[in-house]
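Participant: Questions regarding the structure given below will be posed in turn.
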Amino acid sequence: MQNNTNIPVIQTENLSKSFGSVHAVKGLTLRIDRGEAVALLGPNGAGKTTFVEMLEGLQSPDAGEIRLFGMPWKGNENTLRSKLGIALQETRLVDTLTVKETLELFASFYGLGASRVEEVLDLVAMREKKGALTGKLSGGQRQRLAVGLGLLNDPELLLLDEPTTGLDPGARKDIWDLISLLLKKGHTLLLTTHYMEEAEMLCQRVVFMSKGSVLLDEPLKNLRERGSLNDLFVKLSGENLDG
Amino acid sequence: MASLRPLGQLLLLQWRSFFREPGVLFWALVFPLVLSGLLGLAYSHRKPAPLPILLLAENPGQREALESMVKALAPPSRLKVSVASPEEAALALKRGKAVLSVDHALDPEARRYRVDANNPEGELALLFSRAWFSGKPLPEDTLPLDTRGSRYIDFLLPGLMAFSIINSCLWGVAWVLIDYRQKKFMRRMVATPMSRGQFFMALFIGRCCLVTIETCTLLAFGFIAFHFSLQGDPLAFALVMLAGVIAFFGLGALISCRTSNSQVGAGLINATTLPMMLISGIFFSYERFPEAAQPYLRMFPPTMMVDALRAVANEGAGVARVLPTALALSVMGLLCMAAARRFFRWY
C-alpha cells in the first residue's frame with residue numbers, strides 16, 4: 001500500500017485548455033507535495049486562473065490529467081471539494097447576509113457547526129464584524145472573509161487565486177499574516193499572484209507562467225541568487241509581470 | 001441521506017435576502033395591495049361618470065339657441081352636454097374629452113351623430129342622446145350588479161394573485177440565479193460539497209412560502225377592504241397556486257439557465273412577463289381580443305392559471321374542475337426544469 005504522505009497533493013500531466021482559438025493552458029505539468037507553498041506567477045492572461053479553476057474542478061481540461069491527493073476529479077467530486085480550501089478571484093458575497101451568517105451558510109455545506117464558525121471568525125480576525133452585513137465591509141475585510149470561507153473545512157490544500165489584488169497595502173498585509181499563520185500549521189498552498197513581494201513573503205517555490213506554459217519552476221532560494229524575480233521574469237518571457 | 005442543514009441555511013439565505021431588502025418587500029407585498037386598492041376603488045363607484053357629448057354650433061346665434069335648449073330639455077344624469085364650435089369639438093374628440101358630437105341638434109330632420117363605432121362609451125352616449133332628444137328618456141329600472149364574484153375587484157384579485165406568482169418566480173428565481181452567477185457567488189458555492197439539488201429545492205420551497213405570504217396578504221386585504229372571499233374550495237385554490245409556482249419556477253430556471261449578464265437577464269424576464277401581463281386576462285378580460293385568438297389565449301399557461309383561480313374564487317369551483325389545469329401547469333413546469341437542468345451553467 002502506498003504511503004499517503006508520498007502522494008503528491010497536486011499532480012498534473014500535460015494539462016491543456018482552450019477557449020475558442022485562445023490556448024489558455026498548454027501542456028502544463030506540475031507536482032506539488034504536502035506542506036509546500038508554491039507561488040504561481042504570471043501577468044494577466046498567462047493562464048493562472050484557468051489552471052487553478054481546473055484544479056478546483058470548475059473547468060474541465062481539454063487534454064491531460066489532474067490528480068489531487070492521488071484522485072482524479074471524476075467520481076471523487078465531494079471528497080475533493082471537502083479537502084480543498086479556495087478563494088476565487090473576485091467573489092462577491094450576498095450583501096444582505098452578515099459575516100457570521102455567510103460563514104454559517106458555507107459551514108453547513110461541509111456539515112460543520114457553530115463552533116467551527118466561531119473558530120474561523122477568530123482566525124480571520126473578524127469577530128468584531130460578525131454582525132456586519134457583507135455589503136458594508138471594506139475590500140480588505142471582504143477578502144479576509146473570502147479566505148475565511150476557504151478555511152472553514154480546515155483544508156489540506158489551499159488554492160488562493162490573487163487573494164490580495166486590488167487591496168491597499170494594509171489590507172494586503174493582513175491577508176499575508178493570515179496566510180503565514182496557515183502555512184505554519186502545515187497547510188499546502190498554491191497561490192496565484194502577480195505581486196513578486198507576495199510570492200517572496202509567503203512561498204518557498206516559484207512557478208513562472210506565461211502564455212499558458214510553465215517557464216520556470218524552482219525553489220525561491222535558488223532564484224534569489226539570480227537577481228530580482230521581476231528581472232528574471234522579463235528576461236525569460238519578454239513580458240512584464242504587471243502586463 | 002444528505003443532511004438537511006444546508007437546505008435550512010439556503011432557505012434562510014433567501015428569507016434574509018427577501019426581508020432585508022426594502023425594495024423587494026415593497027414590490028412583492030405593498031405594491032399589489034396598493035394596485036388592488038386603487039383599481040378596486042376606481043371601479044367600485046355606484047354611479048358611473050356622465051358621458052361627455054358636444055352639440056355643434058356654427059355661429060353665436062346657434063350657440064345661444066342650443067344652450068337654451070339644453071337648459072329647457074334637462075339632459076339625463078348619464079350625459080354631460082356642452083355646446084362647442086366644430087373646431088373645439090374636433091379637438092375635444094381627439095383628446096377623448098367627448099365621446100360623441102351632434103350636428104344640427106336643433107333640427108330633428110337634419111340631426112346627425114358623429115361617434116366612433118368601436119367605442120362602447122360612444123355607443124352608449126348615442127343611445128342616451130337619442131332617447132333624450134325624443135323626449136322619452138330611458139327608464140330608471142336598473143339595479144347595481146354587486147353580488148359577490150361579479151364585481152371588478154372579484155375579477156382583479158385572482159388576477160393579481162396569479163401575477164404575483166409569475167413575478168415572484170421570474171424575478172425571484174431567474175433574477176436571483178443570474179445575479180448569483182454574475183457575482184460568481186454560485187461558482188463559490190458549487191466549489192464546496194453543496195448539493196445542487198438542495199440548492200434548487202431551497203429556491204422552490206422559498207418561493208412557495210413567499211407566494212403563500214403574498215397571496216394571504218392579498219386575500220386578507222381583499223376581505224377587509226372589499227369583502228372579497230373564496231366561493232370555492234380553498235384546497236383547489238392552493239392546488240392551482242402550487243401548480244402555478246411549479247410552472248413559473250421552471251420557466252424562471254429555464255430563462256436564466258445560461259446568462260450571467262444582468263442586463264440580458266432583465267431583458268429576458270421583461271420579454272417574458274410583459275406579454276403575460278397584457279394578454280392573459282390579469283387586469284382585463286382576454287374576451288376582448290379577436291375571437292380567432294381566444295382558443296390560443298386560453299391555452300396560454302398564465303391564462304390557464306388566472307382562469308382556474310377565478311373559477312375557484314368566483315364560481316365556486318372545486319378540485320375536480322381545476323385538476324386538469326393544475327396538471328397541465330405542473331407538466332409545463334417540469335418540462336422547463338428538465339430543459340433548464342440540461343442547459344444550466346453553474347459558473
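Scheme for the C-alpha cells: letters A, B, ... for chains in order shown; per-chain residue numbers from 1; ligand numbers from 1 in order shown.
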Counting only C-alpha atoms, which residues of chain B come no farther than 8 Å from chain A, as JSON, numbers by chain?
Facilitator: {"B": [3, 5, 6, 9, 10, 13, 16, 17, 20, 21, 183, 184, 185, 187, 188, 189, 191, 192, 193, 194, 195, 347]}
Participant: Keeping only N, CA and C atoms, take the residues you just selected and write them out as a PDB file, in the first residue's frame.
Facilitator:
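Once written, part18.pdb looks like this:
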```
ATOM      1  N   SER B   3     -27.675  15.612   4.697  1.00  0.00           N
ATOM      2  CA  SER B   3     -28.135  16.405   5.829  1.00  0.00           C
ATOM      3  C   SER B   3     -29.053  17.515   5.331  1.00  0.00           C
ATOM      4  N   ARG B   5     -29.397  20.336   6.944  1.00  0.00           N
ATOM      5  CA  ARG B   5     -28.940  21.640   7.442  1.00  0.00           C
ATOM      6  C   ARG B   5     -28.590  22.620   6.318  1.00  0.00           C
ATOM      7  N   PRO B   6     -27.903  22.146   5.255  1.00  0.00           N
ATOM      8  CA  PRO B   6     -27.657  23.084   4.150  1.00  0.00           C
ATOM      9  C   PRO B   6     -28.959  23.614   3.548  1.00  0.00           C
ATOM     10  N   GLN B   9     -30.150  26.326   5.718  1.00  0.00           N
ATOM     11  CA  GLN B   9     -29.327  27.536   5.563  1.00  0.00           C
ATOM     12  C   GLN B   9     -29.620  28.225   4.222  1.00  0.00           C
ATOM     13  N   LEU B  10     -29.857  27.432   3.180  1.00  0.00           N
ATOM     14  CA  LEU B  10     -30.175  28.022   1.872  1.00  0.00           C
ATOM     15  C   LEU B  10     -31.545  28.710   1.909  1.00  0.00           C
ATOM     16  N   LEU B  13     -31.012  31.914   3.647  1.00  0.00           N
ATOM     17  CA  LEU B  13     -30.375  32.865   2.715  1.00  0.00           C
ATOM     18  C   LEU B  13     -31.434  33.627   1.933  1.00  0.00           C
ATOM     19  N   ARG B  16     -33.638  35.879   4.322  1.00  0.00           N
ATOM     20  CA  ARG B  16     -32.937  37.105   4.741  1.00  0.00           C
ATOM     21  C   ARG B  16     -32.809  38.078   3.571  1.00  0.00           C
ATOM     22  N   SER B  17     -32.516  37.555   2.392  1.00  0.00           N
ATOM     23  CA  SER B  17     -32.388  38.433   1.226  1.00  0.00           C
ATOM     24  C   SER B  17     -33.708  39.135   0.951  1.00  0.00           C
ATOM     25  N   ARG B  20     -34.671  41.641   4.121  1.00  0.00           N
ATOM     26  CA  ARG B  20     -33.723  42.728   4.406  1.00  0.00           C
ATOM     27  C   ARG B  20     -33.594  43.691   3.225  1.00  0.00           C
ATOM     28  N   GLU B  21     -34.365  43.468   2.202  1.00  0.00           N
ATOM     29  CA  GLU B  21     -34.277  44.340   1.027  1.00  0.00           C
ATOM     30  C   GLU B  21     -35.588  45.105   0.904  1.00  0.00           C
ATOM     31  N   LYS B 183     -22.199  37.506  -9.918  1.00  0.00           N
ATOM     32  CA  LYS B 183     -21.307  37.830  -8.802  1.00  0.00           C
ATOM     33  C   LYS B 183     -20.285  36.725  -8.530  1.00  0.00           C
ATOM     34  N   LYS B 184     -20.419  35.613  -9.229  1.00  0.00           N
ATOM     35  CA  LYS B 184     -19.599  34.415  -9.019  1.00  0.00           C
ATOM     36  C   LYS B 184     -19.867  33.780  -7.652  1.00  0.00           C
ATOM     37  N   PHE B 185     -20.990  34.156  -7.055  1.00  0.00           N
ATOM     38  CA  PHE B 185     -21.367  33.561  -5.769  1.00  0.00           C
ATOM     39  C   PHE B 185     -21.780  32.098  -5.979  1.00  0.00           C
ATOM     40  N   ARG B 187     -20.653  30.151  -8.306  1.00  0.00           N
ATOM     41  CA  ARG B 187     -19.397  29.428  -8.549  1.00  0.00           C
ATOM     42  C   ARG B 187     -18.724  29.088  -7.214  1.00  0.00           C
ATOM     43  N   ARG B 188     -18.789  30.051  -6.277  1.00  0.00           N
ATOM     44  CA  ARG B 188     -18.176  29.832  -4.969  1.00  0.00           C
ATOM     45  C   ARG B 188     -18.901  28.719  -4.217  1.00  0.00           C
ATOM     46  N   MET B 189     -20.227  28.701  -4.369  1.00  0.00           N
ATOM     47  CA  MET B 189     -20.993  27.669  -3.653  1.00  0.00           C
ATOM     48  C   MET B 189     -20.749  26.288  -4.245  1.00  0.00           C
ATOM     49  N   ALA B 191     -18.179  25.234  -5.556  1.00  0.00           N
ATOM     50  CA  ALA B 191     -16.816  24.759  -5.264  1.00  0.00           C
ATOM     51  C   ALA B 191     -16.765  24.063  -3.899  1.00  0.00           C
ATOM     52  N   THR B 192     -17.889  24.033  -3.202  1.00  0.00           N
ATOM     53  CA  THR B 192     -17.986  23.309  -1.918  1.00  0.00           C
ATOM     54  C   THR B 192     -18.769  22.012  -2.183  1.00  0.00           C
ATOM     55  N   PRO B 193     -18.904  21.148  -1.199  1.00  0.00           N
ATOM     56  CA  PRO B 193     -19.706  19.926  -1.445  1.00  0.00           C
ATOM     57  C   PRO B 193     -21.222  20.177  -1.404  1.00  0.00           C
ATOM     58  N   MET B 194     -21.670  21.429  -1.570  1.00  0.00           N
ATOM     59  CA  MET B 194     -23.113  21.727  -1.552  1.00  0.00           C
ATOM     60  C   MET B 194     -23.868  20.860  -2.571  1.00  0.00           C
ATOM     61  N   SER B 195     -25.024  20.342  -2.138  1.00  0.00           N
ATOM     62  CA  SER B 195     -25.844  19.562  -3.069  1.00  0.00           C
ATOM     63  C   SER B 195     -26.594  20.529  -3.987  1.00  0.00           C
ATOM     64  N   TYR B 347     -21.408  28.126 -13.559  1.00  0.00           N
ATOM     65  CA  TYR B 347     -20.374  29.154 -13.459  1.00  0.00           C
ATOM     66  C   TYR B 347     -19.866  29.506 -14.832  1.00  0.00           C
TER      67      TYR B 347
END
```
Participant: Hey, what does DSSP flag as strand (DSSP E or B) within region 2-141 of chain B? Can you give it to me as a ChimeraX atom specification?
Facilitator: /B:51-56,79-84,100-103,112-115
Participant: Excluding same-chain residues fewer than 3 positions from region 326-338 of chain B, what lies within 6 Å of it counting only C-alpha atoms, as number ranges by chain?
Facilitator: B: 240, 243, 246-247, 250-251, 254, 323, 341
Participant: Emit the selected residues as a PDB file, in the first residue's frame, including N, CA and C atoms.
Facilitator:
```pdb
ATOM      1  N   VAL B 240     -54.024  25.097  -7.475  1.00  0.00           N
ATOM      2  CA  VAL B 240     -53.689  25.902  -8.659  1.00  0.00           C
ATOM      3  C   VAL B 240     -52.471  26.778  -8.374  1.00  0.00           C
ATOM      4  N   ALA B 243     -49.410  24.578  -8.546  1.00  0.00           N
ATOM      5  CA  ALA B 243     -49.100  24.244  -9.950  1.00  0.00           C
ATOM      6  C   ALA B 243     -48.517  25.461 -10.655  1.00  0.00           C
ATOM      7  N   ILE B 246     -44.934  25.791  -9.676  1.00  0.00           N
ATOM      8  CA  ILE B 246     -44.118  24.788 -10.397  1.00  0.00           C
ATOM      9  C   ILE B 246     -43.866  25.261 -11.828  1.00  0.00           C
ATOM     10  N   ALA B 247     -44.961  25.726 -12.496  1.00  0.00           N
ATOM     11  CA  ALA B 247     -44.847  26.138 -13.899  1.00  0.00           C
ATOM     12  C   ALA B 247     -43.885  27.308 -14.056  1.00  0.00           C
ATOM     13  N   GLY B 250     -40.191  26.716 -13.054  1.00  0.00           N
ATOM     14  CA  GLY B 250     -39.493  26.038 -14.149  1.00  0.00           C
ATOM     15  C   GLY B 250     -39.124  27.012 -15.252  1.00  0.00           C
ATOM     16  N   LEU B 251     -40.085  27.888 -15.590  1.00  0.00           N
ATOM     17  CA  LEU B 251     -39.820  28.868 -16.649  1.00  0.00           C
ATOM     18  C   LEU B 251     -38.704  29.824 -16.218  1.00  0.00           C
ATOM     19  N   LEU B 254     -35.458  28.119 -16.511  1.00  0.00           N
ATOM     20  CA  LEU B 254     -35.077  27.926 -17.923  1.00  0.00           C
ATOM     21  C   LEU B 254     -34.533  29.220 -18.535  1.00  0.00           C
ATOM     22  N   LEU B 323     -58.358  20.443 -11.630  1.00  0.00           N
ATOM     23  CA  LEU B 323     -57.280  19.444 -11.682  1.00  0.00           C
ATOM     24  C   LEU B 323     -56.591  19.382 -13.054  1.00  0.00           C
ATOM     25  N   ARG B 341     -32.173  22.058 -16.465  1.00  0.00           N
ATOM     26  CA  ARG B 341     -31.142  21.189 -15.895  1.00  0.00           C
ATOM     27  C   ARG B 341     -30.136  20.777 -16.967  1.00  0.00           C
TER      28      ARG B 341
END
```
Participant: Report, in Å to a single decimal, how far apart CA of Val25 (chain A) and CA of Thr188 (chain A) are.
Facilitator: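 One can read the CA of Thr188 (chain A) to CA of Val25 (chain A) distance as 22.6 Å.
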Participant: Nearest to Leu127 (chain B) among B:Ile166, B:Asp154, B:Pro76, B:Thr212, with distances taken over only C-alpha atoms: which residue is it?
Facilitator: B:Pro76
Participant: Tell me which protein, DNA and RNA residues are within 9 Å of Gly316 (chain B), counting only C-alpha atoms, leaving out same-chain ones fewer than 5 positions away, and put them as a list in words.
Facilitator: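 Near neighbours after the sequence-gap exclusion: Leu230, Gln231, Gly232, Asp233, Arg310 and Ala311 of chain B.
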Participant: Put those residues in a file: N, CA and C atoms, as an mmCIF file, in the first residue's frame.
Facilitator:
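result04.cif was written with the following content:
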```cif
data_model
loop_
_atom_site.group_PDB
_atom_site.id
_atom_site.type_symbol
_atom_site.label_atom_id
_atom_site.label_comp_id
_atom_site.auth_asym_id
_atom_site.auth_seq_id
_atom_site.Cartn_x
_atom_site.Cartn_y
_atom_site.Cartn_z
ATOM 1 N N LEU B 230 -63.229 33.595 -1.038
ATOM 2 C CA LEU B 230 -63.233 32.477 -1.984
ATOM 3 C C LEU B 230 -64.610 31.826 -1.968
ATOM 4 N N GLN B 231 -65.209 31.659 -3.161
ATOM 5 C CA GLN B 231 -66.514 30.988 -3.239
ATOM 6 C C GLN B 231 -66.342 29.463 -3.301
ATOM 7 N N GLY B 232 -65.175 29.032 -3.788
ATOM 8 C CA GLY B 232 -64.969 27.591 -3.992
ATOM 9 C C GLY B 232 -64.081 26.976 -2.917
ATOM 10 N N ASP B 233 -63.517 25.825 -3.253
ATOM 11 C CA ASP B 233 -62.741 25.022 -2.307
ATOM 12 C C ASP B 233 -61.327 25.631 -2.137
ATOM 13 N N ARG B 310 -59.806 32.190 -10.903
ATOM 14 C CA ARG B 310 -61.104 32.900 -10.909
ATOM 15 C C ARG B 310 -62.254 31.906 -10.771
ATOM 16 N N ALA B 311 -62.077 30.730 -11.387
ATOM 17 C CA ALA B 311 -63.150 29.732 -11.283
ATOM 18 C C ALA B 311 -63.358 29.339 -9.822
#
```
Participant: Taking the chain letters and numbering used in this document, name the residues of region 76-217 of chain A that DSSP puts in alpha helix (DSSP H), as an NGL selection string.
Facilitator: :A and (77-83 or 99-109 or 114-123 or 139-151 or 169-184 or 196-202)
Participant: Would you save the residues of that selection, restricted to C-alpha atoms, as a short mmCIF file (atom, residue, chain, number, x, y, z; two decimals), in the first residue's frame?
Facilitator:
```cif
data_model
loop_
_atom_site.label_atom_id
_atom_site.label_comp_id
_atom_site.auth_asym_id
_atom_site.auth_seq_id
_atom_site.Cartn_x
_atom_site.Cartn_y
_atom_site.Cartn_z
CA GLU A 77 -16.06 15.38 -6.51
CA ASN A 78 -17.40 15.57 -2.97
CA THR A 79 -14.29 14.05 -1.39
CA LEU A 80 -12.02 16.52 -3.16
CA ARG A 81 -14.27 19.51 -2.51
CA SER A 82 -14.20 18.72 1.18
CA LYS A 83 -10.36 18.69 1.14
CA VAL A 99 -20.38 37.86 8.18
CA LYS A 100 -21.46 35.18 10.63
CA GLU A 101 -24.48 34.14 8.54
CA THR A 102 -22.27 33.82 5.46
CA LEU A 103 -19.84 31.59 7.38
CA GLU A 104 -22.76 29.54 8.77
CA LEU A 105 -24.14 29.04 5.24
CA PHE A 106 -20.84 27.74 3.90
CA ALA A 107 -20.11 25.73 7.07
CA SER A 108 -23.39 23.87 6.53
CA PHE A 109 -22.17 22.70 3.09
CA ALA A 114 -21.35 26.78 15.00
CA SER A 115 -18.11 26.01 16.85
CA ARG A 116 -16.10 25.97 13.61
CA VAL A 117 -17.69 29.26 12.55
CA GLU A 118 -16.53 30.79 15.84
CA GLU A 119 -13.00 29.46 15.29
CA VAL A 120 -12.82 30.91 11.78
CA LEU A 121 -14.15 34.27 12.99
CA ASP A 122 -11.12 34.40 15.29
CA LEU A 123 -8.75 33.05 12.66
CA GLY A 139 -12.42 45.47 0.42
CA GLY A 140 -9.84 44.04 2.81
CA GLN A 141 -12.46 42.74 5.23
CA ARG A 142 -14.40 41.14 2.39
CA GLN A 143 -11.26 39.42 1.17
CA ARG A 144 -10.47 38.18 4.71
CA LEU A 145 -13.98 36.75 4.82
CA ALA A 146 -13.49 35.14 1.38
CA VAL A 147 -10.32 33.47 2.67
CA GLY A 148 -12.18 32.54 5.86
CA LEU A 149 -14.80 30.71 3.80
CA GLY A 150 -11.98 28.70 2.28
CA LEU A 151 -10.68 27.78 5.72
CA PRO A 169 -1.09 47.79 1.46
CA GLY A 170 -2.56 47.49 4.98
CA ALA A 171 -5.28 45.07 3.93
CA ARG A 172 -2.76 43.13 1.86
CA LYS A 173 -0.51 42.72 4.89
CA ASP A 174 -3.46 41.43 6.95
CA ILE A 175 -4.06 38.72 4.34
CA TRP A 176 -0.35 37.84 4.23
CA ASP A 177 -0.30 37.49 8.02
CA LEU A 178 -3.29 35.19 7.85
CA ILE A 179 -1.74 33.02 5.12
CA SER A 180 1.57 32.88 7.01
CA LEU A 181 -0.29 31.60 10.05
CA LEU A 182 -1.90 28.86 7.98
CA LEU A 183 1.43 27.85 6.48
CA LYS A 184 2.89 27.44 9.96
CA MET A 196 6.64 39.48 -6.50
CA GLU A 197 6.82 40.52 -2.86
CA GLU A 198 3.77 38.36 -2.11
CA ALA A 199 5.46 35.32 -3.59
CA GLU A 200 8.70 36.06 -1.74
CA MET A 201 6.89 36.65 1.55
CA LEU A 202 4.76 33.51 1.53
#
```
Participant: One decimal, Å: what's the distance from CA of Ala131 (chain B) over to CA of Gly96 (chain B), could you say?
Facilitator: 22.9 Å
Participant: Take CA of Ser60 (chain A) and CA of Glu218 (chain A) and report the distance between them in Å, one decimal.
Facilitator: 27.0 Å
Participant: Looking at only C-alpha atoms, which of B:Phe300, B:Val99, B:Gly244, B:Phe155 is the one that sits closest to Pro120 (chain B)?
Facilitator: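 Answer, going by the shortest atom-to-atom distance: B:Val99.
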Participant: Pick out the residues sitting within 12 Å of Ala225 (chain B), and hand them over as a ChimeraX atom specification; count only C-alpha atoms, and ignore anything fewer than 4 positions along from it in its own chain.
Facilitator: /B:33-34,36-38,40-41,44,153-154,157,217-221,229
Participant: Can you tell me, as a ChimeraX atom specification, what residues are no more than 8 Å from Gln11 (chain A) when counting only C-alpha atoms, ignoring any on the same chain fewer than 2 positions away?
Facilitator: /A:8-9,13,29-32,66-68,70
Participant: Neighbouring residues of Arg224 (chain A) were defined as those with any atom within 12 Å, considering only C-alpha atoms; residues of the same chain fewer than 2 positions away were excluded. Please report them as a count of residues only.
Facilitator: 18
Participant: For Asn261 (chain B), which residue among B:Lys136, B:Arg181, B:Arg78, B:Lys94 is the nearest when counting only C-alpha atoms?
Facilitator: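 Looking only at the distances to Asn261 (chain B), the closest residue turns out to be B:Arg181.
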Participant: Given the choices B:His227, B:Arg196, B:Leu242, B:Val211, which gets closest to Arg345 (chain B) if the distance is worked out from only C-alpha atoms?
Facilitator: B:Arg196
